[in-house]
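Novice: First the structure, then my questions, so here it is.
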Amino acid sequence: MTLEERIIDIIVEQLEVTREECVPEAAFIDDLGADSLDLVELIMEMEENFGMQIADDELEKIRTIQDVIDFLRSKGVS
Amino acid sequence: MKRRVVVTGMGAVTPLGNSVKDTWEGICGGRSGVAGITKFDTTGFDTKIAAELKNFDPLIFVNKKELRRYDDFIIYSLASAEMAMVDSGLRIEGSWADRVGVIIGSAIGGLATIENQKEILMKAGPGRVSPFTIPAALANLSAGQVSIRFSAKGPINCTVTACASGTNAIGDAMRIIQQGYADVMIAGGVDAAITPLSVSCFNAMRALSIRNDEPQRASRPFDRDRDGFVMGEGCGIVVMEELSFARNRGARIYAEIAGYGMTSDAFHMAAPPPGHEGAARCMLAALSDGDMVPGDIDYINAHGTSTPLNDQYEIEAIRTVFGESAKSVCISSTKSMTGHLLGGAGGVEAILTVKTIEEGVLPATVNLENPDVGTDLDLIPLQARQKSIETAMSNTFGFGGVNAVLVFKGYRD
């Protein structure tokens with residue numbers, strides 16, 4: 001499974017959205033109906049799955065699915 | 001002249017069934033909702049039985065995301081409120097949404113969530129606890145989620161008065177309508193506290209029945225062999241409306257809420273005072289609030305917890321209030337079948353009291369084989385009885401010396 005697929009799996013499960021909605025440019029709050037608490041929970045799930053920590057100042061830069069993919073890649077996750 | 005308040009919708013999830021209809025059938029059949037605890041491993045616990053919901057499918061009422069985030073007491077409230085709203089036929093519209101309020105009481109709130117998150121905190125550290133813990137655990141979030149679901153923008157509150165919570169919710173909601181602050185209230189009580197911590201803590205108080213080998217016979221109010229209450233879970237919610245509001249929309253009216261009393265024992269944190277004078281004053285207050293006298297009451301849905309002290313003192317309080325006419329009033333404890341739903345008790349028992357008036361069937365006190373209190377009173381032992389009645393009282397008393405009583409009567413112009 002690719003990194004993108006693993007990320008989208010988590011998003012679909014956590015946010016109750018469809019895979020079709022999970023295009024790379026989809027923004028969590030504006031397009032996927034998430035609120036700030038949803039985002040916190042989603043990031044915790046990412047941390048759990050990918051065995052890493054995401055600091056709050058890094059979290060602030062994450063707006064879209066592509067942002068998550070880029071961030072995880074930058075941390076060496078593949 | 002007080003504004004009159006009527007019940008126009010009812011919804012419940014109880015150990016006897018996942019609707020008012022199924023619950024009432026269980027009540028009429030004298031069924032027990034008590035069985036072995038399935039929610040957690042009871043190894044080492046004194047009490048291994050409880051009255052859990054059975055085959056309840058939360059996904060009928062919430063989606064998977066909500067299921068993961070809401071404590072059960074919130075989900076039970078959403079389920080009951082949904083059924084009560086459908087039953088009432090009421091559709092809230094934006095122009096008068098602020099005339100609709102919600103009060104749902106809970107004794108315990110989201111204890112299961114707190115226990116689970118505490119475990120995560122201890123095992124994995126503070127970075128792993130869910131951001132949804134507090135909004136799942138706070139007791140007022142059942143009223144909060146119900147108000148969001150139905151866009152009810154009027155008064156909102158949560159009565160946290162132990163085992164009287166549900167009764168206080170409905171009574172306070174009645175006053176809000178009477179005083180003109182709202183025309184419709186969605187009100188009731190809920191608890192979902194069959195958890196390792198609560199069972200062990202109630203065990204530490206020696207409050208629960210330990211009749212583990214005979215679960216269906218464990219809740220036996222007024223019986224000489226009673227040995228404590230059986231914890232139950234569930235929710236009962238009613239839709240209440242100001243009379244002319246209900247009539248103008250052609251609502252079906254189940255019953256009128258005629259009176260409400262609340263008093264404090266100011267005596268002990270958990271035990272009732274001898275003779276339970278606080279309960280007696282509370283029954284009198286509810287009667288007086290409804291411009292009624294004891295002789296007007298046909299049936300009492302007793303608090304009747306199956307604990308040694310409550311049952312003895314409640315009967316003494318009834319004698320104090322009713323005097324000689326105590327012998328002509330019919331009395332039963334539906335907790336003999338549902339178990340004790342804590343904050344949910346007042347909500348569910350209000351509904352059962354209304355059903356008693358509507359259906360003309362008096363619920364039994366099941367398992368009442370050898371009464372040791374009220375032996376000369378009509379405690380409706382073992383079997384339900386057909387009898388049409390006009391007025392009924394619902395008693396609930398809670399830790400902290402809280403007493404709350406509602407009086408219902410059949411609706412007449």
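Chain labels run A, B, ... following the order of the structure tokens; each chain numbers its residues from 1, and ligands are numbered from 1 in the order shown.
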Please find the residues of chain B near chain A - the criterion being any atom within 9 Å, counting only C-alpha atoms - and write them as a list in words.

Specialist: Asn63, Lys64, Lys65, Gly127, Arg128, Ser130, Pro131 and Phe132 of chain B

Novice: Would you save the residues of that selection, restricted to N, CA, C and O atoms, as an mmCIF file, in the first residue's frame?

Specialist:
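Output below, filename result_39.cif:
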data_model
loop_
_atom_site.group_PDB
_atom_site.id
_atom_site.type_symbol
_atom_site.label_atom_id
_atom_site.label_comp_id
_atom_site.auth_asym_id
_atom_site.auth_seq_id
_atom_site.Cartn_x
_atom_site.Cartn_y
_atom_site.Cartn_z
ATOM 1 N N ASN B 63 -23.930 8.117 13.522
ATOM 2 C CA ASN B 63 -23.014 7.517 12.542
ATOM 3 C C ASN B 63 -21.760 6.993 13.251
ATOM 4 O O ASN B 63 -21.601 7.150 14.460
ATOM 5 N N LYS B 64 -20.871 6.371 12.482
ATOM 6 C CA LYS B 64 -19.722 5.704 13.100
ATOM 7 C C LYS B 64 -18.806 6.692 13.822
ATOM 8 O O LYS B 64 -18.234 6.378 14.859
ATOM 9 N N LYS B 65 -18.686 7.876 13.236
ATOM 10 C CA LYS B 65 -17.827 8.885 13.859
ATOM 11 C C LYS B 65 -18.400 9.297 15.221
ATOM 12 O O LYS B 65 -17.678 9.386 16.207
ATOM 13 N N GLY B 127 -0.135 12.615 25.804
ATOM 14 C CA GLY B 127 -0.283 12.932 24.387
ATOM 15 C C GLY B 127 -1.262 12.038 23.650
ATOM 16 O O GLY B 127 -1.584 12.285 22.495
ATOM 17 N N ARG B 128 -1.727 10.983 24.315
ATOM 18 C CA ARG B 128 -2.583 10.009 23.627
ATOM 19 C C ARG B 128 -4.057 10.110 24.000
ATOM 20 O O ARG B 128 -4.869 9.371 23.464
ATOM 21 N N SER B 130 -7.876 11.338 24.111
ATOM 22 C CA SER B 130 -8.721 11.849 23.026
ATOM 23 C C SER B 130 -9.152 13.289 23.288
ATOM 24 O O SER B 130 -9.544 13.634 24.407
ATOM 25 N N PRO B 131 -9.127 14.138 22.246
ATOM 26 C CA PRO B 131 -9.651 15.502 22.405
ATOM 27 C C PRO B 131 -11.167 15.518 22.604
ATOM 28 O O PRO B 131 -11.728 16.573 22.900
ATOM 29 N N PHE B 132 -11.807 14.372 22.450
ATOM 30 C CA PHE B 132 -13.262 14.303 22.626
ATOM 31 C C PHE B 132 -13.650 13.785 24.006
ATOM 32 O O PHE B 132 -14.812 13.516 24.272
#

Novice: Do you know which residues are at most 12 Å from Val12 (chain A) counting only C-alpha atoms, after dropping those on the same chain fewer than 4 positions away, and could you put them as a PyMOL selection string?

Specialist: (chain A and resi 5-8+16-23+28+32-34+42+45+65) or (chain B and resi 64-65)

Novice: When DSSP is applied to the backbone of this structure, which of region 83-203 of chain B are assigned strand (DSSP E)? Write them out as a VMD selection string.

Specialist: chain B and resid 100 to 105 156 to 157 184 to 191

Novice: Give me the residues within 7 Å of Val184 (chain B) as a PDB file with C-alpha atoms, in the first residue's frame, counting only C-alpha atoms and dropping any in the same chain fewer than 5 places off.

Specialist:
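Written output follows (out08.pdb):
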ATOM      1  CA  ARG B  99     -39.283  28.414  22.315  1.00  0.00           C
ATOM      2  CA  VAL B 100     -38.077  24.783  22.520  1.00  0.00           C
ATOM      3  CA  GLY B 101     -35.745  23.724  25.321  1.00  0.00           C
ATOM      4  CA  ILE B 177     -43.199  26.026  30.380  1.00  0.00           C
ATOM      5  CA  MET B 240     -43.772  18.280  26.879  1.00  0.00           C
ATOM      6  CA  GLU B 241     -45.834  21.159  25.542  1.00  0.00           C
ATOM      7  CA  GLU B 242     -47.921  24.019  26.804  1.00  0.00           C
TER       8      GLU B 242
END

Novice: Smallest atom-to-atom distance to Ile75 (chain B): which of B:Gly234, B:Gly36, B:Pro274, B:Pro126, using only C-alpha atoms?

Specialist: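 Looking only at the distances to Ile75 (chain B), the closest residue turns out to be B:Gly234.
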